[in-house]
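Text of my_file.csv, listed as CSV, C-alpha atoms:
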```
chain,number,residue,atom,x,y,z
A,1,PHE,CA,20.7,-31.4,-47.3
A,2,ASN,CA,17.5,-30.8,-49.3
A,3,GLU,CA,18.8,-33.1,-52.1
A,4,ARG,CA,19.0,-35.9,-49.6
A,5,THR,CA,15.5,-35.2,-48.3
A,6,GLU,CA,14.2,-35.1,-51.9
A,7,HIS,CA,16.0,-38.4,-52.6
A,8,LEU,CA,14.2,-40.1,-49.6
A,9,LEU,CA,10.9,-38.8,-50.8
A,10,ASN,CA,11.5,-40.1,-54.4
A,11,VAL,CA,12.5,-43.5,-53.1
A,12,GLY,CA,9.3,-43.6,-51.1
A,13,ILE,CA,7.3,-42.7,-54.1
A,14,LEU,CA,8.9,-45.6,-56.1
A,15,HIS,CA,8.0,-48.0,-53.3
A,16,GLN,CA,4.4,-46.7,-53.2
A,17,ARG,CA,4.1,-47.2,-57.0
A,18,ALA,CA,5.2,-50.8,-56.5
A,19,GLN,CA,2.5,-51.0,-53.8
A,20,ASP,CA,5.0,-51.6,-51.0
A,21,TYR,CA,3.3,-49.3,-48.6
A,22,SER,CA,5.3,-50.2,-45.6
A,23,SER,CA,8.6,-49.3,-47.2
A,24,ALA,CA,7.0,-46.1,-48.7
A,25,ARG,CA,6.0,-45.0,-45.2
A,26,HIS,CA,9.4,-45.7,-43.9
A,27,TYR,CA,11.1,-43.5,-46.4
A,28,TYR,CA,8.6,-40.7,-46.1
A,29,GLN,CA,9.1,-40.7,-42.3
A,30,ARG,CA,12.9,-40.6,-42.8
A,31,ALA,CA,12.5,-37.7,-45.1
A,32,GLN,CA,10.2,-35.9,-42.6
A,33,ASN,CA,12.6,-36.4,-39.8
A,34,ARG,CA,15.6,-35.2,-41.8
A,35,LEU,CA,13.6,-32.2,-43.0
A,36,GLU,CA,12.9,-31.1,-39.4
A,37,SER,CA,16.5,-31.4,-38.4
A,38,ASP,CA,18.2,-29.9,-41.4
A,39,SER,CA,19.3,-26.3,-41.7
A,40,LEU,CA,17.3,-24.9,-44.7
A,41,SER,CA,16.1,-21.6,-45.9
A,42,THR,CA,12.5,-20.7,-45.2
A,43,ALA,CA,11.5,-21.1,-48.8
A,44,ALA,CA,13.2,-24.5,-49.2
A,45,ARG,CA,11.7,-25.8,-46.0
A,46,ALA,CA,8.2,-24.7,-47.0
A,47,GLU,CA,8.6,-26.4,-50.4
A,48,LEU,CA,9.8,-29.7,-48.9
A,49,ARG,CA,7.3,-29.7,-46.1
A,50,SER,CA,4.5,-29.2,-48.7
A,51,ARG,CA,5.7,-32.1,-50.7
A,52,SER,CA,6.4,-34.3,-47.7
A,53,TYR,CA,2.9,-33.8,-46.3
A,54,LEU,CA,1.4,-34.3,-49.7
A,55,VAL,CA,2.9,-37.7,-50.3
A,56,GLN,CA,2.1,-38.9,-46.8
A,57,ALA,CA,-1.6,-37.9,-47.3
A,58,ASP,CA,-1.6,-39.6,-50.7
A,59,LEU,CA,-0.2,-42.8,-49.3
A,60,LEU,CA,-2.9,-43.1,-46.6
A,61,LEU,CA,-5.6,-42.5,-49.2
A,62,GLU,CA,-4.2,-45.0,-51.6
A,63,LYS,CA,-4.1,-47.7,-48.9
A,64,THR,CA,-7.8,-47.0,-48.3
A,65,LEU,CA,-8.8,-48.5,-51.7
A,66,ASN,CA,-7.7,-52.0,-50.6
A,67,THR,CA,-8.1,-52.0,-46.8
A,68,SER,CA,-10.9,-51.5,-44.4
A,69,PHE,CA,-11.8,-47.9,-43.9
A,70,ASP,CA,-9.9,-46.5,-41.0
A,71,ARG,CA,-11.3,-43.2,-39.9
A,72,ASN,CA,-8.2,-42.3,-37.9
A,73,GLU,CA,-5.9,-42.8,-41.0
A,74,LEU,CA,-8.4,-40.8,-43.1
A,75,ALA,CA,-8.4,-38.0,-40.6
A,76,GLN,CA,-4.6,-38.1,-40.6
A,77,ALA,CA,-4.7,-37.9,-44.5
A,78,ARG,CA,-6.9,-34.8,-44.2
A,79,GLY,CA,-4.5,-33.3,-41.6
A,80,PHE,CA,-1.5,-33.9,-43.9
A,81,ALA,CA,-3.3,-32.4,-46.8
A,82,ASN,CA,-4.3,-29.3,-44.9
A,83,ARG,CA,-0.7,-28.9,-43.7
A,84,ALA,CA,0.6,-29.3,-47.2
A,85,ARG,CA,-1.7,-26.5,-48.4
A,86,SER,CA,-0.5,-24.2,-45.6
A,87,HIS,CA,3.1,-24.6,-46.9
A,88,SER,CA,2.1,-24.2,-50.6
A,89,THR,CA,1.2,-21.1,-52.7
A,90,PRO,CA,-2.5,-20.8,-53.9
A,91,GLY,CA,-2.9,-20.6,-57.6
A,92,THR,CA,0.0,-23.0,-58.3
A,93,GLU,CA,-0.2,-26.6,-59.7
A,94,ARG,CA,1.2,-28.0,-56.4
A,95,PHE,CA,-1.6,-26.2,-54.5
A,96,ALA,CA,-4.2,-27.6,-56.9
A,97,ARG,CA,-2.8,-31.1,-56.6
A,98,ILE,CA,-2.9,-30.9,-52.8
A,99,SER,CA,-6.5,-29.7,-53.0
A,100,SER,CA,-7.4,-32.8,-55.1
A,101,VAL,CA,-6.0,-35.0,-52.4
A,102,LEU,CA,-7.8,-33.0,-49.7
A,103,SER,CA,-11.0,-33.4,-51.6
A,104,GLU,CA,-10.7,-37.2,-51.6
A,105,SER,CA,-10.0,-37.3,-47.8
A,106,LEU,CA,-13.0,-35.1,-47.2
A,107,GLY,CA,-15.2,-37.4,-49.3
A,108,TYR,CA,-14.2,-40.5,-47.3
A,109,LEU,CA,-15.0,-38.5,-44.1
A,110,GLY,CA,-18.5,-37.6,-45.4
A,111,ALA,CA,-18.0,-34.0,-46.2
A,112,PHE,CA,-19.2,-34.5,-49.8
A,113,GLU,CA,-20.3,-30.9,-50.6
A,114,LYS,CA,-16.8,-29.4,-49.7
A,115,ALA,CA,-15.1,-32.4,-51.4
A,116,SER,CA,-17.1,-31.8,-54.6
A,117,ARG,CA,-16.4,-28.0,-54.5
A,118,LEU,CA,-12.6,-28.6,-54.2
A,119,ASN,CA,-12.6,-31.2,-56.9
A,120,ALA,CA,-14.4,-28.7,-59.3
A,121,GLU,CA,-11.8,-26.1,-58.5
A,122,VAL,CA,-9.0,-28.5,-59.4
A,123,ARG,CA,-10.6,-29.5,-62.7
A,124,ARG,CA,-11.1,-25.8,-63.6
A,125,TYR,CA,-7.4,-25.1,-62.8
A,126,ALA,CA,-6.2,-28.1,-64.8
A,127,GLN,CA,-8.2,-27.1,-67.9
A,128,ALA,CA,-7.4,-23.4,-67.6
A,129,ASN,CA,-3.7,-24.0,-67.2
A,130,SER,CA,-3.3,-26.9,-69.7
A,131,THR,CA,-2.0,-29.5,-67.1
A,132,PRO,CA,-3.3,-32.8,-68.5
A,133,ARG,CA,-1.7,-35.0,-65.8
A,134,LEU,CA,-3.5,-32.9,-63.2
A,135,HIS,CA,-6.7,-33.1,-65.2
A,136,ALA,CA,-6.4,-36.9,-65.2
A,137,LEU,CA,-5.8,-36.9,-61.5
A,138,SER,CA,-8.8,-34.7,-60.8
A,139,LEU,CA,-11.1,-36.9,-62.9
A,140,LEU,CA,-9.8,-39.9,-60.9
A,141,LYS,CA,-10.6,-38.1,-57.7
A,142,LEU,CA,-14.1,-37.2,-59.1
A,143,GLY,CA,-14.6,-40.9,-59.9
A,144,VAL,CA,-13.7,-41.8,-56.4
A,145,LEU,CA,-16.0,-39.2,-55.0
A,146,ASN,CA,-18.8,-40.6,-57.1
A,147,ILE,CA,-18.0,-44.1,-55.7
A,148,GLN,CA,-18.1,-42.6,-52.2
A,149,THR,CA,-21.6,-41.3,-52.9
A,150,ARG,CA,-22.6,-44.6,-54.8
A,151,ASN,CA,-23.2,-42.8,-58.0
A,152,TRP,CA,-22.0,-45.7,-60.1
A,153,GLU,CA,-22.8,-44.3,-63.6
A,154,ARG,CA,-21.0,-41.0,-63.0
A,155,ALA,CA,-18.1,-42.8,-61.4
A,156,ASP,CA,-17.6,-45.1,-64.4
A,157,SER,CA,-17.8,-42.2,-66.8
A,158,SER,CA,-15.2,-40.1,-64.9
A,159,LEU,CA,-12.8,-43.1,-64.5
A,160,THR,CA,-13.2,-44.0,-68.2
A,161,THR,CA,-12.3,-40.5,-69.3
A,162,ALA,CA,-9.4,-40.3,-66.8
A,163,LEU,CA,-8.0,-43.6,-68.1
A,164,ALA,CA,-8.2,-42.6,-71.7
A,165,LEU,CA,-6.3,-39.3,-70.9
A,166,ALA,CA,-3.7,-41.1,-68.8
A,167,GLU,CA,-3.1,-43.6,-71.6
A,168,ASP,CA,-2.7,-40.8,-74.1
A,169,LEU,CA,-0.1,-39.2,-71.8
A,170,GLY,CA,1.7,-42.5,-71.2
A,171,ALA,CA,1.2,-41.8,-67.4
A,172,LEU,CA,1.7,-45.3,-66.0
A,173,ASP,CA,1.1,-44.4,-62.3
A,174,SER,CA,-2.1,-42.6,-63.2
A,175,GLN,CA,-3.2,-45.6,-65.1
A,176,ARG,CA,-2.4,-47.9,-62.2
A,177,ARG,CA,-4.4,-45.7,-59.8
A,178,ILE,CA,-7.4,-45.4,-62.1
A,179,LEU,CA,-7.5,-49.1,-62.8
A,180,ARG,CA,-7.5,-49.9,-59.1
A,181,ALA,CA,-10.4,-47.4,-58.6
A,182,ARG,CA,-12.3,-49.1,-61.5
A,183,GLY,CA,-11.7,-52.5,-59.9
A,184,ARG,CA,-13.2,-51.2,-56.6
A,185,LEU,CA,-16.1,-49.7,-58.5
A,186,TYR,CA,-16.9,-52.9,-60.2
A,187,GLU,CA,-16.5,-54.9,-57.0
A,188,LEU,CA,-19.1,-52.8,-55.3
A,189,GLN,CA,-21.4,-53.4,-58.3
A,190,GLU,CA,-20.7,-57.1,-58.2
A,191,ARG,CA,-19.3,-57.0,-61.7
A,192,TRP,CA,-16.7,-59.6,-60.8
A,193,ALA,CA,-15.3,-60.2,-64.3
A,194,ASP,CA,-14.8,-56.5,-65.0
A,195,ALA,CA,-13.2,-56.0,-61.5
A,196,GLU,CA,-10.8,-58.9,-62.1
A,197,ASP,CA,-9.8,-57.4,-65.5
A,198,ALA,CA,-9.2,-53.9,-64.1
A,199,TYR,CA,-7.1,-55.3,-61.2
A,200,ARG,CA,-5.1,-57.6,-63.5
A,201,ASN,CA,-4.2,-54.6,-65.7
A,202,ALA,CA,-3.2,-52.6,-62.7
A,203,ILE,CA,-1.0,-55.4,-61.4
A,204,SER,CA,0.8,-55.6,-64.7
A,205,ILE,CA,1.8,-51.9,-64.2
A,206,VAL,CA,2.9,-52.7,-60.7
A,207,GLU,CA,5.1,-55.5,-61.9
A,208,GLU,CA,6.8,-53.1,-64.3
A,209,TYR,CA,7.6,-50.8,-61.4
A,210,ARG,CA,8.9,-53.7,-59.3
A,211,GLU,CA,11.2,-54.8,-62.1
A,212,SER,CA,12.4,-51.3,-62.5
A,213,LEU,CA,13.3,-51.1,-58.8
A,214,THR,CA,15.3,-54.3,-59.0
A,215,ALA,CA,17.1,-53.3,-62.1
A,216,SER,CA,17.9,-49.7,-61.2
A,217,GLN,CA,19.0,-50.4,-57.6
A,218,TRP,CA,17.3,-47.1,-56.7
A,219,SER,CA,19.0,-45.0,-59.3
A,220,MET,CA,17.5,-41.6,-59.8
A,221,THR,CA,17.6,-42.2,-63.6
A,222,ALA,CA,15.0,-44.9,-63.1
A,223,PHE,CA,12.9,-42.5,-61.0
A,224,ALA,CA,13.0,-39.9,-63.7
A,225,GLN,CA,11.7,-42.5,-66.2
A,226,TRP,CA,8.6,-43.3,-64.1
A,227,ARG,CA,7.9,-40.1,-62.3
A,228,ASP,CA,4.6,-38.3,-62.6
A,229,VAL,CA,5.0,-34.8,-61.1
A,230,HIS,CA,4.1,-34.6,-57.4
```

Mind converting the file's structure to structure tokens?
Amino acid sequence: FNERTEHLLNVGILHQRAQDYSSARHYYQRAQNRLESDSLSTAARAELRSRSYLVQADLLLEKTLNTSFDRNELAQARGFANRARSHSTPGTERFARISSVLSESLGYLGAFEKASRLNAEVRRYAQANSTPRLHALSLLKLGVLNIQTRNWERADSSLTTALALAEDLGALDSQRRILRARGRLYELQERWADAEDAYRNAISIVEEYRESLTASQWSMTAFAQWRDVH
């Protein structure tokens, strides 16, 4: 049963990376419904709940970058992240990843001090435990936090460092997210040519995902090829 739930979450992640947010939400909700109805051990249910709540929070926050700010959805993202943390073990990479998502939601809701503190905790964890993908994610979230507080120079610096790290890792989804954040940053600064260039590069990665979806017909082999750990 848990393999079927994992599969639904994985398919949802593929749709999200292709920026098909409606389909991603559909698969995440199917996974959530199945999770609540399946007979699972306590440990397995906690693990899947943690991951399910995390991806749902992440989806709502990703949509925020290219839609109008919806405080209800941002509050939902914060709620999902808090629930994910309650089903995760402190001191683990999963817990740190959830904290990173929670920090972003808090920043959008104006709780900048707490958001900054959480982000710093995640960056310390990533450096202490040699988890470069998580480090790239934490720098992306730091860049977004600096965008939220309109600190353009620091935002640009964080996103530039995050992108270089993601490129070294070959982490395509991280690159896509960072490029979209840079596009948003440059838009806010009215640096239209730079914004267009960032968005164009992000779209090229999205097209790779979409081609992969068509070619693979949702094979789990394709998922393994593209997956950044959630």

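Those residues that approach A:Glu6 to within 10 Å, counting all atoms listed in the file, are Phe1, Asn2, Glu3, Arg4, Leu8, Leu9, Asn10, Val11, Gly12, Tyr28, Ala31, Leu35, Leu48, Arg51 and Ser52 of chain A; same-chain residues fewer than 2 positions away are not listed.
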
Query - Best match for closeness to A:Ala181 among A:His7, A:Arg71, A:Arg123, A:Lys63, counting only C-alpha atoms - result: A:Lys63

Report task. Compare A:Ser103, A:Ser50, A:Thr42, A:Gln175 by their minimum atom-to-atom distance to A:Val144, counting all atoms listed in the file, and give me the closest one. Result -> A:Ser103

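Restricting the calculation to only C-alpha atoms, the smallest distance between A:Arg177 and any of A:Arg17, A:Arg117, A:Arg78, A:Arg49 is found for A:Arg17.
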
Query - Exercise: stretch 138-142 of chain A partners within 7 Å, only C-alpha atoms, chain neighbours under 4 positions left out, as a PyMOL selection string - result: chain A and resi 100+104+119+122-123+134+146+158-159+162+178

For the residues in the current selection, export C-alpha atoms as a tab-separated table (two decimals), in the frame of the given file.
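again24.tsv written:
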```
chain	number	residue	atom	x	y	z
A	100	SER	CA	-7.40	-32.80	-55.10
A	104	GLU	CA	-10.70	-37.20	-51.60
A	119	ASN	CA	-12.60	-31.20	-56.90
A	122	VAL	CA	-9.00	-28.50	-59.40
A	123	ARG	CA	-10.60	-29.50	-62.70
A	134	LEU	CA	-3.50	-32.90	-63.20
A	146	ASN	CA	-18.80	-40.60	-57.10
A	158	SER	CA	-15.20	-40.10	-64.90
A	159	LEU	CA	-12.80	-43.10	-64.50
A	162	ALA	CA	-9.40	-40.30	-66.80
A	178	ILE	CA	-7.40	-45.40	-62.10
```

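Straight-line separation from atom CA of A:Glu187 to atom CA of A:Ile205: 19.9 Å.
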
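For the pair atom CA of A:Leu102 and atom CA of A:Asn82, the separation is 7.0 Å.
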
Query raised in the report: So which residues are close to (-1.0, -38.4, -50.7), meaning at most 10 Å away in the file's coordinates with only C-alpha atoms counted, and can you show them as a list in words?
Result: Ile13, Arg51, Ser52, Tyr53, Leu54, Val55, Gln56, Ala57, Asp58, Leu59, Leu60, Leu61, Glu62, Lys63, Ala77, Arg78, Phe80, Ala81, Ala84, Arg97, Ile98, Ser100, Val101, Leu102, Glu104, Ser105 and His230 of chain A

Report summary line: In Å and to one decimal, atom CA of A:Thr89 is distant from atom CA of A:Arg30 by 24.8 Å

Excluding A:Tyr186 and residues on its chain fewer than 6 positions from it, collect all residues at most 12 Å away from it, counting only C-alpha atoms, and give them as a PDB file with C-alpha atoms, in the coordinates of the input.
```
ATOM      1  CA  ILE A 147     -18.000 -44.100 -55.700  1.00  0.00           C
ATOM      2  CA  ARG A 150     -22.600 -44.600 -54.800  1.00  0.00           C
ATOM      3  CA  TRP A 152     -22.000 -45.700 -60.100  1.00  0.00           C
ATOM      4  CA  GLU A 153     -22.800 -44.300 -63.600  1.00  0.00           C
ATOM      5  CA  ALA A 155     -18.100 -42.800 -61.400  1.00  0.00           C
ATOM      6  CA  ASP A 156     -17.600 -45.100 -64.400  1.00  0.00           C
ATOM      7  CA  LEU A 159     -12.800 -43.100 -64.500  1.00  0.00           C
ATOM      8  CA  LEU A 179      -7.500 -49.100 -62.800  1.00  0.00           C
ATOM      9  CA  ARG A 180      -7.500 -49.900 -59.100  1.00  0.00           C
ATOM     10  CA  TRP A 192     -16.700 -59.600 -60.800  1.00  0.00           C
ATOM     11  CA  ALA A 193     -15.300 -60.200 -64.300  1.00  0.00           C
ATOM     12  CA  ASP A 194     -14.800 -56.500 -65.000  1.00  0.00           C
ATOM     13  CA  ALA A 195     -13.200 -56.000 -61.500  1.00  0.00           C
ATOM     14  CA  GLU A 196     -10.800 -58.900 -62.100  1.00  0.00           C
ATOM     15  CA  ASP A 197      -9.800 -57.400 -65.500  1.00  0.00           C
ATOM     16  CA  ALA A 198      -9.200 -53.900 -64.100  1.00  0.00           C
ATOM     17  CA  TYR A 199      -7.100 -55.300 -61.200  1.00  0.00           C
TER      18      TYR A 199
END
```

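Excluding A:Ala126 and any residue on its chain fewer than 6 positions from it, the residues at most 9 Å away by only C-alpha atoms are A:Glu93, A:Ala96, A:Pro132, A:Arg133, A:Leu134, A:His135, A:Ala136, A:Ser138.
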
Report summary line: Nearest to A:Ser99, restricted to all atoms listed in the file and choosing among A:Glu121, A:Glu36, A:Asp168, A:Glu47, comes out as A:Glu121

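Closest approach to A:Arg210 among A:Gly107, A:Leu14, A:Leu169, A:Thr5: A:Leu14, based on all atoms listed in the file.
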